[in-house]
Every structure is written in C-alpha cells, then in structure tokens.
$ cat work-v8.pdb   # PDB, C-alpha atoms, pLDDT in the B column
MODEL        1
ATOM      1  CA  LEU J   4       0.000   0.000   0.000  1.00 53.00           C
ATOM      2  CA  TRP J   5       1.510   3.337  -1.059  1.00 56.00           C
ATOM      3  CA  ALA J   6       0.019   5.932   1.259  1.00 63.00           C
ATOM      4  CA  PRO J   7       1.482   8.649   3.521  1.00 63.00           C
ATOM      5  CA  PHE J   8       3.437   7.319   6.543  1.00 75.00           C
ATOM      6  CA  VAL J   9       2.621   3.653   5.810  1.00 82.00           C
ATOM      7  CA  SER J  10       5.484   1.460   7.067  1.00 83.00           C
ATOM      8  CA  ARG J  11       3.992  -1.988   6.443  1.00 86.00           C
ATOM      9  CA  SER J  12       1.023  -3.427   4.586  1.00 88.00           C
ATOM     10  CA  LYS J  13      -0.306  -6.851   3.728  1.00 90.00           C
ATOM     11  CA  LYS J  14      -3.167  -8.342   1.724  1.00 91.00           C
ATOM     12  CA  LEU J  15      -4.875 -10.826   4.026  1.00 93.00           C
ATOM     13  CA  ALA J  16      -7.324 -12.326   1.554  1.00 92.00           C
ATOM     14  CA  GLN J  17      -8.600 -12.038  -1.999  1.00 92.00           C
ATOM     15  CA  LEU J  18     -12.279 -12.880  -1.573  1.00 92.00           C
ATOM     16  CA  ASP J  19     -13.188 -12.085  -5.163  1.00 90.00           C
ATOM     17  CA  LYS J  20     -11.723 -10.338  -8.194  1.00 86.00           C
ATOM     18  CA  LEU J  21     -12.606  -6.903  -6.763  1.00 88.00           C
ATOM     19  CA  ASP J  22     -12.998  -7.869  -3.099  1.00 92.00           C
ATOM     20  CA  VAL J  23      -9.967  -7.806  -0.808  1.00 93.00           C
ATOM     21  CA  VAL J  24      -9.148  -7.748   2.910  1.00 94.00           C
ATOM     22  CA  SER J  25      -5.981  -5.844   3.789  1.00 93.00           C
ATOM     23  CA  TRP J  26      -4.034  -4.524   6.749  1.00 93.00           C
ATOM     24  CA  TYR J  27      -1.476  -1.736   7.164  1.00 90.00           C
ATOM     25  CA  ILE J  28       0.511   0.172   9.774  1.00 90.00           C
ATOM     26  CA  VAL J  29       0.894   3.947   9.839  1.00 85.00           C
ATOM     27  CA  GLY J  30       3.660   5.464  11.949  1.00 80.00           C
ATOM     28  CA  VAL J  31       4.956   8.920  12.819  1.00 75.00           C
ATOM     29  CA  PRO J  32       8.367   8.187  14.415  1.00 69.00           C
ATOM     30  CA  MET J  33       9.038  11.756  15.529  1.00 69.00           C
ATOM     31  CA  LEU J  34       5.857  11.685  17.634  1.00 71.00           C
ATOM     32  CA  GLY J  35       6.199   8.073  18.761  1.00 78.00           C
ATOM     33  CA  LEU J  36       2.767   7.177  17.355  1.00 82.00           C
ATOM     34  CA  THR J  37       1.809   3.956  15.569  1.00 87.00           C
ATOM     35  CA  ARG J  38      -1.618   2.923  14.346  1.00 88.00           C
ATOM     36  CA  ASP J  39      -2.742  -0.047  12.300  1.00 90.00           C
ATOM     37  CA  ALA J  40      -5.974  -0.661  10.414  1.00 91.00           C
ATOM     38  CA  CYS J  41      -7.694  -3.658   8.886  1.00 93.00           C
ATOM     39  CA  TYR J  42     -10.355  -3.232   6.246  1.00 92.00           C
ATOM     40  CA  ARG J  43     -12.363  -4.884   3.520  1.00 93.00           C
ATOM     41  CA  ALA J  44     -12.616  -3.091   0.184  1.00 93.00           C
ATOM     42  CA  VAL J  45     -14.919  -3.857  -2.742  1.00 93.00           C
ATOM     43  CA  GLY J  46     -14.822  -2.359  -6.218  1.00 93.00           C
ATOM     44  CA  CYS J  47     -17.469  -2.175  -8.909  1.00 92.00           C
ATOM     45  CA  ASP J  48     -16.800  -1.608 -12.605  1.00 90.00           C
ATOM     46  CA  CYS J  49     -19.717   0.464 -13.936  1.00 91.00           C
ATOM     47  CA  MET J  50     -17.979   1.609 -17.116  1.00 89.00           C
ATOM     48  CA  ARG J  51     -20.645   0.174 -19.414  1.00 89.00           C
ATOM     49  CA  GLU J  52     -23.513   1.647 -17.402  1.00 91.00           C
ATOM     50  CA  ASN J  53     -22.321   5.182 -16.643  1.00 89.00           C
ATOM     51  CA  GLY J  54     -18.561   5.357 -17.173  1.00 89.00           C
ATOM     52  CA  ARG J  55     -17.797   5.144 -13.456  1.00 92.00           C
ATOM     53  CA  ILE J  56     -15.739   2.979 -11.097  1.00 91.00           C
ATOM     54  CA  LEU J  57     -16.938   2.684  -7.485  1.00 93.00           C
ATOM     55  CA  LEU J  58     -14.941   1.715  -4.399  1.00 92.00           C
ATOM     56  CA  VAL J  59     -16.255   1.156  -0.875  1.00 92.00           C
ATOM     57  CA  ALA J  60     -14.542  -0.103   2.268  1.00 92.00           C
ATOM     58  CA  ALA J  61     -15.251  -0.765   5.928  1.00 90.00           C
ATOM     59  CA  GLY J  62     -12.960  -1.352   8.891  1.00 91.00           C
ATOM     60  CA  LEU J  63     -12.668  -4.764  10.561  1.00 91.00           C
ATOM     61  CA  ASN J  64     -12.114  -5.534  14.255  1.00 88.00           C
ATOM     62  CA  ASP J  65     -11.751  -1.826  15.015  1.00 87.00           C
ATOM     63  CA  THR J  66     -14.526  -1.083  17.517  1.00 85.00           C
ATOM     64  CA  GLU J  67     -14.705  -1.088  21.308  1.00 84.00           C
ATOM     65  CA  GLU J  68     -16.131  -4.605  21.315  1.00 80.00           C
ATOM     66  CA  HIS J  69     -12.801  -5.737  19.840  1.00 81.00           C
ATOM     67  CA  GLY J  70     -10.799  -3.888  22.495  1.00 80.00           C
ATOM     68  CA  VAL J  71     -10.140  -0.669  20.558  1.00 82.00           C
ATOM     69  CA  LYS J  72     -10.051   2.427  22.739  1.00 73.00           C
ATOM     70  CA  SER J  73     -11.980   5.326  21.241  1.00 67.00           C
ATOM     71  CA  GLY J  74     -11.279   9.053  21.477  1.00 57.00           C
ATOM     72  CA  PRO J  75     -11.832  11.209  24.579  1.00 51.00           C
ATOM     73  CA  ASP J  76     -15.516  11.800  23.762  1.00 47.00           C
ATOM     74  CA  GLY J  77     -16.147   8.046  23.620  1.00 45.00           C
ATOM     75  CA  SER J  78     -17.231   8.180  20.013  1.00 44.00           C
ATOM     76  CA  SER J  79     -15.457   8.005  16.703  1.00 42.00           C
ATOM     77  CA  ALA J  80     -18.381   9.310  14.675  1.00 41.00           C
ATOM     78  CA  LYS J  81     -17.078  12.848  14.258  1.00 43.00           C
ATOM     79  CA  ARG J  82     -13.338  12.450  14.402  1.00 45.00           C
ATOM     80  CA  GLY J  83     -11.138  12.426  11.338  1.00 47.00           C
ATOM     81  CA  GLU J  84     -13.672  12.964   8.574  1.00 49.00           C
ATOM     82  CA  ALA J  85     -12.386  14.232   5.240  1.00 50.00           C
ATOM     83  CA  GLY J  86     -13.502  14.475   1.668  1.00 51.00           C
ATOM     84  CA  ARG J  87     -11.451  15.279  -1.398  1.00 50.00           C
ATOM     85  CA  SER J  88     -12.114  15.530  -5.081  1.00 53.00           C
ATOM     86  CA  GLY J  89      -9.788  15.793  -8.016  1.00 51.00           C
ATOM     87  CA  ARG J  90     -10.259  16.082 -11.750  1.00 45.00           C
ATOM     88  CA  SER J  91      -7.911  14.810 -14.452  1.00 38.00           C
ATOM     89  CA  VAL J  92      -4.789  12.730 -13.939  1.00 39.00           C
ATOM     90  CA  LEU J  93      -2.782  15.778 -14.961  1.00 33.00           C
ATOM     91  CA  LYS J  94      -3.987  18.129 -12.237  1.00 36.00           C
ATOM     92  CA  GLN J  95      -3.666  18.369  -8.470  1.00 35.00           C
ATOM     93  CA  PRO J  96      -6.605  17.602  -6.134  1.00 37.00           C
ATOM     94  CA  SER J  97      -9.076  20.437  -5.749  1.00 37.00           C
ATOM     95  CA  THR J  98     -11.363  21.505  -2.915  1.00 36.00           C
ATOM     96  CA  ALA J  99     -12.960  19.242  -0.338  1.00 38.00           C
ATOM     97  CA  SER J 100     -16.316  17.806  -1.269  1.00 41.00           C
ATOM     98  CA  SER J 101     -19.030  15.423  -0.167  1.00 42.00           C
ATOM     99  CA  ASP J 102     -21.280  13.478  -2.518  1.00 47.00           C
ATOM    100  CA  SER J 103     -24.530  12.090  -1.142  1.00 46.00           C
ATOM    101  CA  ASN J 104     -24.637   9.597  -4.025  1.00 52.00           C
ATOM    102  CA  LEU J 105     -21.557   7.784  -2.728  1.00 49.00           C
ATOM    103  CA  VAL J 106     -22.266   4.532  -0.928  1.00 49.00           C
ATOM    104  CA  ASP J 107     -22.529   4.714   2.868  1.00 46.00           C
ATOM    105  CA  THR J 108     -20.346   2.045   4.520  1.00 47.00           C
ATOM    106  CA  ARG J 109     -21.441   2.373   8.128  1.00 52.00           C
ATOM    107  CA  ARG J 110     -20.920  -0.345  10.721  1.00 52.00           C
ATOM    108  CA  ASN J 111     -24.111  -2.222   9.788  1.00 51.00           C
ATOM    109  CA  THR J 112     -22.814  -2.888   6.282  1.00 67.00           C
ATOM    110  CA  PHE J 113     -22.412  -6.447   5.045  1.00 78.00           C
ATOM    111  CA  LEU J 114     -18.722  -5.699   4.393  1.00 84.00           C
ATOM    112  CA  ALA J 115     -17.987  -6.058   8.109  1.00 85.00           C
ATOM    113  CA  ARG J 116     -20.639  -8.686   8.910  1.00 83.00           C
ATOM    114  CA  ASP J 117     -19.932 -11.306   6.236  1.00 86.00           C
ATOM    115  CA  ALA J 118     -19.558 -14.771   7.775  1.00 87.00           C
ATOM    116  CA  ILE J 119     -16.439 -15.497   5.723  1.00 89.00           C
ATOM    117  CA  LEU J 120     -14.518 -12.894   7.724  1.00 88.00           C
ATOM    118  CA  SER J 121     -14.542 -15.181  10.768  1.00 88.00           C
ATOM    119  CA  THR J 122     -12.295 -17.599   8.872  1.00 91.00           C
ATOM    120  CA  LEU J 123      -9.540 -15.017   8.340  1.00 91.00           C
ATOM    121  CA  GLU J 124      -6.593 -14.329  10.634  1.00 91.00           C
ATOM    122  CA  ILE J 125      -6.847 -10.643  11.514  1.00 90.00           C
ATOM    123  CA  PRO J 126      -3.615  -9.232  13.025  1.00 91.00           C
ATOM    124  CA  PRO J 127      -3.891  -8.397  16.735  1.00 91.00           C
ATOM    125  CA  ILE J 128      -4.223  -4.799  17.891  1.00 89.00           C
ATOM    126  CA  PRO J 129      -0.791  -3.214  18.536  1.00 87.00           C
ATOM    127  CA  ARG J 130      -0.124  -2.778  22.242  1.00 87.00           C
ATOM    128  CA  GLY J 131       2.234  -0.416  24.018  1.00 86.00           C
ATOM    129  CA  VAL J 132       2.884   3.287  24.461  1.00 85.00           C
ATOM    130  CA  GLY J 133       1.683   5.281  21.455  1.00 84.00           C
ATOM    131  CA  LYS J 134       0.259   2.210  19.697  1.00 87.00           C
ATOM    132  CA  GLY J 135      -3.297   1.280  18.789  1.00 89.00           C
ATOM    133  CA  ARG J 136      -5.799   0.641  16.011  1.00 91.00           C
ATOM    134  CA  MET J 137      -7.704   3.182  13.930  1.00 88.00           C
ATOM    135  CA  THR J 138     -11.455   2.909  13.395  1.00 89.00           C
ATOM    136  CA  LEU J 139     -12.419   3.097   9.731  1.00 88.00           C
ATOM    137  CA  ARG J 140     -16.102   4.000   9.737  1.00 87.00           C
ATOM    138  CA  ASN J 141     -16.571   4.979   6.104  1.00 84.00           C
ATOM    139  CA  PHE J 142     -14.679   4.940   2.836  1.00 89.00           C
ATOM    140  CA  ALA J 143     -16.335   5.641  -0.494  1.00 90.00           C
ATOM    141  CA  ALA J 144     -14.765   6.675  -3.775  1.00 90.00           C
ATOM    142  CA  SER J 145     -16.130   7.349  -7.221  1.00 91.00           C
ATOM    143  CA  VAL J 146     -13.924   7.631 -10.320  1.00 89.00           C
ATOM    144  CA  ASP J 147     -15.650   9.137 -13.360  1.00 91.00           C
ATOM    145  CA  ILE J 148     -13.781   8.438 -16.583  1.00 87.00           C
ATOM    146  CA  LEU J 149     -13.929  11.654 -18.616  1.00 88.00           C
ATOM    147  CA  GLY J 150     -11.669  10.605 -21.484  1.00 83.00           C
ATOM    148  CA  PRO J 151      -8.672   8.489 -22.481  1.00 77.00           C
ATOM    149  CA  THR J 152      -6.303  10.577 -20.334  1.00 75.00           C
ATOM    150  CA  SER J 153      -8.520  12.179 -17.697  1.00 81.00           C
ATOM    151  CA  ALA J 154     -10.807  11.259 -14.818  1.00 83.00           C
ATOM    152  CA  ARG J 155     -12.619  12.918 -11.921  1.00 87.00           C
ATOM    153  CA  THR J 156     -12.193  11.332  -8.487  1.00 85.00           C
ATOM    154  CA  LYS J 157     -14.445  11.875  -5.474  1.00 87.00           C
ATOM    155  CA  MET J 158     -13.409  10.364  -2.154  1.00 84.00           C
ATOM    156  CA  VAL J 159     -15.089  10.533   1.256  1.00 85.00           C
ATOM    157  CA  VAL J 160     -13.358   9.045   4.306  1.00 83.00           C
ATOM    158  CA  ASN J 161     -14.398   8.919   7.950  1.00 85.00           C
ATOM    159  CA  VAL J 162     -11.658   7.437  10.123  1.00 83.00           C
ATOM    160  CA  ASP J 163     -10.905   7.850  13.825  1.00 84.00           C
ATOM    161  CA  PRO J 164      -7.183   7.459  14.686  1.00 84.00           C
ATOM    162  CA  ASN J 165      -8.233   7.039  18.344  1.00 84.00           C
ATOM    163  CA  LEU J 166      -5.733   9.563  19.673  1.00 79.00           C
ATOM    164  CA  GLN J 167      -6.935  10.673  23.082  1.00 75.00           C
ATOM    165  CA  LEU J 168      -4.555  13.641  23.451  1.00 72.00           C
ATOM    166  CA  ILE J 169      -4.689  15.146  19.958  1.00 73.00           C
ATOM    167  CA  PRO J 170      -7.100  18.094  19.404  1.00 77.00           C
ATOM    168  CA  GLN J 171      -9.936  17.562  16.933  1.00 76.00           C
ATOM    169  CA  PHE J 172      -8.885  20.432  14.644  1.00 80.00           C
ATOM    170  CA  MET J 173      -5.413  18.906  14.228  1.00 76.00           C
ATOM    171  CA  ILE J 174      -6.864  15.508  13.350  1.00 74.00           C
ATOM    172  CA  ASP J 175      -9.150  17.098  10.745  1.00 77.00           C
ATOM    173  CA  PHE J 176      -6.250  19.047   9.258  1.00 77.00           C
ATOM    174  CA  CYS J 177      -4.012  15.983   8.963  1.00 73.00           C
ATOM    175  CA  MET J 178      -6.757  13.804   7.495  1.00 73.00           C
ATOM    176  CA  LYS J 179      -7.565  16.323   4.755  1.00 75.00           C
ATOM    177  CA  ARG J 180      -3.871  16.688   3.885  1.00 75.00           C
ATOM    178  CA  MET J 181      -3.444  12.905   3.755  1.00 73.00           C
ATOM    179  CA  ALA J 182      -6.481  12.580   1.478  1.00 72.00           C
ATOM    180  CA  GLY J 183      -4.946  15.164  -0.834  1.00 76.00           C
ATOM    181  CA  ILE J 184      -1.602  13.379  -0.903  1.00 76.00           C
ATOM    182  CA  LEU J 185      -3.304  10.057  -1.592  1.00 75.00           C
ATOM    183  CA  LEU J 186      -5.113  11.526  -4.594  1.00 76.00           C
ATOM    184  CA  SER J 187      -1.890  13.107  -5.826  1.00 80.00           C
ATOM    185  CA  ARG J 188      -0.082   9.748  -5.632  1.00 78.00           C
ATOM    186  CA  LEU J 189      -2.980   8.089  -7.443  1.00 77.00           C
ATOM    187  CA  GLN J 190      -2.705  10.621 -10.255  1.00 79.00           C
ATOM    188  CA  ALA J 191       1.060  10.143 -10.480  1.00 83.00           C
ATOM    189  CA  THR J 192       0.595   6.371 -10.722  1.00 82.00           C
ATOM    190  CA  ALA J 193      -1.957   6.817 -13.496  1.00 80.00           C
ATOM    191  CA  ARG J 194       0.569   8.834 -15.480  1.00 83.00           C
ATOM    192  CA  LYS J 195       3.115   6.007 -15.126  1.00 87.00           C
ATOM    193  CA  VAL J 196       0.564   3.496 -16.410  1.00 85.00           C
ATOM    194  CA  VAL J 197       0.001   5.614 -19.516  1.00 82.00           C
ATOM    195  CA  LYS J 198       3.753   5.864 -20.175  1.00 87.00           C
ATOM    196  CA  ASP J 199       4.408   2.125 -19.848  1.00 87.00           C
ATOM    197  CA  PRO J 200       1.166   0.122 -20.159  1.00 86.00           C
ATOM    198  CA  ILE J 201       3.037  -3.152 -20.773  1.00 86.00           C
ATOM    199  CA  LYS J 202       5.575  -3.458 -17.947  1.00 86.00           C
ATOM    200  CA  ASN J 203       4.056  -1.180 -15.311  1.00 86.00           C
ATOM    201  CA  PRO J 204       2.995  -3.341 -12.297  1.00 83.00           C
ATOM    202  CA  HIS J 205      -0.279  -1.445 -11.865  1.00 79.00           C
ATOM    203  CA  ALA J 206      -1.117  -1.910 -15.538  1.00 82.00           C
ATOM    204  CA  ARG J 207      -0.402  -5.649 -15.255  1.00 83.00           C
ATOM    205  CA  ARG J 208      -2.660  -5.873 -12.227  1.00 75.00           C
ATOM    206  CA  MET J 209      -5.454  -4.085 -14.109  1.00 73.00           C
ATOM    207  CA  ARG J 210      -5.279  -6.674 -16.899  1.00 75.00           C
ATOM    208  CA  GLU J 211      -5.477  -9.656 -14.532  1.00 70.00           C
TER     209      GLU J 211
ENDMDL
END
$ encode --input "work-v8.pdb" --output "structure tokens"
Amino acid sequence: LWAPFVSRSKKLAQLDKLDVVSWYIVGVPMLGLTRDACYRAVGCDCMRENGRILLVAAGLNDTEEHGVKSGPDGSSAKRGEAGRSGRSVLKQPSTASSDSNLVDTRRNTFLARDAILSTLEIPPIPRGVGKGRMTLRNFAASVDILGPTSARTKMVVNVDPNLQLIPQFMIDFCMKRMAGILLSRLQATARKVVKDPIKNPHARRMRE
C-alpha cells in the first residue's frame, strides 16, 4: 500500500476479483505514534452503465467490542472525517467535497458482517505506548472516466485514529492533507501506467 506514513502493509485475503481484505501500519516516528488498520474493500466496474468505477470499504475488528479504545468523547463518529475531489490525472486535487450519491459504509454494512470474515486471521491490535488501532467508519470513492487521459475522483473518508490527546482540529487538518496526498499519488501512478502500459505493475494488475 503506497500511502502517507505507511510502514507496512499486507493483503490478508482475496475474496473475489474486486474484493480484498488488507491490513497496514501507519507510523509517525518523531511523535512516537503507531496505528494499524484492517479493512475490507470492494470495487465495482460500472464503465458500461455510466462510465464510473466505485470503491467502498469498511474497517474490521476496530470497535470497542474488539478492544479498541476510542477518542476522549467516547465516540469516533465525528473524528477524522475528510472528503477530497480531483479532476484529471494531470492536475492536483481540488477543494474538499461530499457526494450524497456515494455509498454509505457504516458499521451495519455487510462488508464487516460477512460470515467469511470469521475464517480469516486478523492481526492483533498493537499494544504499548503510542500504539493502537484506527477505526475506519466509512470509505467511499467514485472515479468518473472523462476521457482516455482524464478522470474525476471523489473520495469521502471517515476514520478515527483514536488519539486521546490530539485536538480535533489537528486531526481534521491531517486527514484532509493525507487525502490530498493520496489523490496526488494516485494521479502520479496513473501517469506512469500511460507511459508504460506493458511493464508497469499497476497496468499488469489491471489486466489480470
């Protein structure tokens, strides 16, 4: 997984062609903070219907019933919510946005309740000073293909890093910046695919 501050990542299961369970660790060494997250992500190719690709995800084993400590207000519903949108693989992400048409992946979704998940080995929650697990409440993304070399991406994320001592405004700021960086990296990867559609690893994966 190529995302800001990710030190390790692993695909735990490939449940279907566009259905995966993955895990990753995010660390900020200078602050002595480490958080991991486990999630299930599903994609849907709607190119024939409306020229759109949809992605949704939900966190796994990341609630209080699994031993995850929430923020100081006892709820992760409002902490760390960010939305970003970007248009064209040649431009930088633009302003924050929210799209009511994007799929809601709240805790009651089948993504986190599927019986097959009980057969998987989910990594244990990191223990120790500065360590813990994030709560991924919502992830929804929509990629509208505008042309052979351009696309518009909309992404809405609601994640609680479960940091008891970090102010809410700082969490919001960091989450929005991370969403912007993630979109920027996605655009850069798309440009590499266009330059080398044969040998590029992402292009090979797309053809599989």
$ resolve_selection --input "work-v8.pdb" --expression "the PyMOL selection byres ((chain J and resi 43) around 12)" --output "JSON, numbers by chain"
{"J": [14, 15, 16, 17, 18, 19, 21, 22, 23, 24, 25, 26, 27, 40, 41, 42, 44, 45, 46, 58, 59, 60, 61, 62, 63, 64, 65, 108, 112, 113, 114, 115, 116, 117, 119, 120, 123, 125, 139, 140, 141, 142, 143]}
$ closest_residue --input "work-v8.pdb" --among "J:Pro164, J:Val146, J:Pro151, J:Lys202" --to "Leu186 in chain J" --atoms "only C-alpha atoms"
J:Val146
$ closest_residue --input "work-v8.pdb" --among "J:Gly54, J:Gly131, J:Pro200, J:Pro170" --to "Arg155 in chain J" --atoms "only C-alpha atoms"
J:Gly54
$ resolve_selection --input "work-v8.pdb" --expression "the PyMOL selection byres ((chain J and resi 134) around 9)" --output "NGL selection string"
:J and (35-39 or 128-133 or 135-136)
$ atom_distance --input "work-v8.pdb" --atom1 "CA of Ser187 in chain J" --atom2 "CA of Ala206 in chain J"
17.9 Å
$ decode --input "work-v8.pdb" --residues "range 12-30 of chain J" --atoms "N, CA, C and O atoms" --output "mmCIF file, in the first residue's frame"
data_model
loop_
_atom_site.group_PDB
_atom_site.id
_atom_site.type_symbol
_atom_site.label_atom_id
_atom_site.label_comp_id
_atom_site.auth_asym_id
_atom_site.auth_seq_id
_atom_site.Cartn_x
_atom_site.Cartn_y
_atom_site.Cartn_z
ATOM 1 N N SER J 12 2.376 -3.104 5.044
ATOM 2 C CA SER J 12 1.023 -3.427 4.586
ATOM 3 C C SER J 12 0.998 -4.865 4.093
ATOM 4 O O SER J 12 2.026 -5.413 3.690
ATOM 5 N N LYS J 13 -0.183 -5.456 4.128
ATOM 6 C CA LYS J 13 -0.306 -6.851 3.728
ATOM 7 C C LYS J 13 -1.730 -7.137 3.264
ATOM 8 O O LYS J 13 -2.697 -6.693 3.885
ATOM 9 N N LYS J 14 -1.851 -7.884 2.167
ATOM 10 C CA LYS J 14 -3.167 -8.342 1.724
ATOM 11 C C LYS J 14 -3.465 -9.642 2.439
ATOM 12 O O LYS J 14 -2.768 -10.637 2.274
ATOM 13 N N LEU J 15 -4.534 -9.656 3.227
ATOM 14 C CA LEU J 15 -4.875 -10.826 4.026
ATOM 15 C C LEU J 15 -5.685 -11.856 3.254
ATOM 16 O O LEU J 15 -5.571 -13.051 3.504
ATOM 17 N N ALA J 16 -6.495 -11.385 2.321
ATOM 18 C CA ALA J 16 -7.324 -12.326 1.554
ATOM 19 C C ALA J 16 -7.839 -11.659 0.290
ATOM 20 O O ALA J 16 -8.105 -10.463 0.274
ATOM 21 N N GLN J 17 -7.976 -12.466 -0.749
ATOM 22 C CA GLN J 17 -8.600 -12.038 -1.999
ATOM 23 C C GLN J 17 -9.909 -12.813 -2.098
ATOM 24 O O GLN J 17 -9.957 -13.948 -2.552
ATOM 25 N N LEU J 18 -11.000 -12.191 -1.642
ATOM 26 C CA LEU J 18 -12.279 -12.880 -1.573
ATOM 27 C C LEU J 18 -12.958 -12.996 -2.933
ATOM 28 O O LEU J 18 -13.737 -13.910 -3.166
ATOM 29 N N ASP J 19 -12.657 -12.059 -3.805
ATOM 30 C CA ASP J 19 -13.188 -12.085 -5.163
ATOM 31 C C ASP J 19 -12.280 -11.222 -6.025
ATOM 32 O O ASP J 19 -11.310 -10.642 -5.527
ATOM 33 N N LYS J 20 -12.596 -11.094 -7.296
ATOM 34 C CA LYS J 20 -11.723 -10.338 -8.194
ATOM 35 C C LYS J 20 -11.566 -8.896 -7.731
ATOM 36 O O LYS J 20 -10.474 -8.327 -7.797
ATOM 37 N N LEU J 21 -12.649 -8.284 -7.240
ATOM 38 C CA LEU J 21 -12.606 -6.903 -6.763
ATOM 39 C C LEU J 21 -13.036 -6.819 -5.303
ATOM 40 O O LEU J 21 -13.711 -5.881 -4.887
ATOM 41 N N ASP J 22 -12.628 -7.805 -4.516
ATOM 42 C CA ASP J 22 -12.998 -7.869 -3.099
ATOM 43 C C ASP J 22 -11.793 -8.350 -2.303
ATOM 44 O O ASP J 22 -11.408 -9.514 -2.404
ATOM 45 N N VAL J 23 -11.186 -7.456 -1.536
ATOM 46 C CA VAL J 23 -9.967 -7.806 -0.808
ATOM 47 C C VAL J 23 -10.071 -7.400 0.662
ATOM 48 O O VAL J 23 -10.811 -6.486 1.023
ATOM 49 N N VAL J 24 -9.317 -8.100 1.499
ATOM 50 C CA VAL J 24 -9.148 -7.748 2.910
ATOM 51 C C VAL J 24 -7.671 -7.447 3.116
ATOM 52 O O VAL J 24 -6.815 -8.280 2.781
ATOM 53 N N SER J 25 -7.375 -6.273 3.645
ATOM 54 C CA SER J 25 -5.981 -5.844 3.789
ATOM 55 C C SER J 25 -5.733 -5.246 5.158
ATOM 56 O O SER J 25 -6.676 -4.933 5.916
ATOM 57 N N TRP J 26 -4.469 -5.067 5.458
ATOM 58 C CA TRP J 26 -4.034 -4.524 6.749
ATOM 59 C C TRP J 26 -2.797 -3.662 6.527
ATOM 60 O O TRP J 26 -1.999 -3.941 5.635
ATOM 61 N N TYR J 27 -2.662 -2.591 7.290
ATOM 62 C CA TYR J 27 -1.476 -1.736 7.164
ATOM 63 C C TYR J 27 -1.176 -1.033 8.481
ATOM 64 O O TYR J 27 -2.031 -0.941 9.375
ATOM 65 N N ILE J 28 0.056 -0.568 8.596
ATOM 66 C CA ILE J 28 0.511 0.172 9.774
ATOM 67 C C ILE J 28 0.958 1.562 9.348
ATOM 68 O O ILE J 28 1.710 1.716 8.378
ATOM 69 N N VAL J 29 0.491 2.566 10.063
ATOM 70 C CA VAL J 29 0.894 3.947 9.839
ATOM 71 C C VAL J 29 1.676 4.407 11.054
ATOM 72 O O VAL J 29 1.252 4.201 12.193
ATOM 73 N N GLY J 30 2.830 5.019 10.836
ATOM 74 C CA GLY J 30 3.660 5.464 11.949
ATOM 75 C C GLY J 30 4.228 6.851 11.738
ATOM 76 O O GLY J 30 4.564 7.232 10.618
#
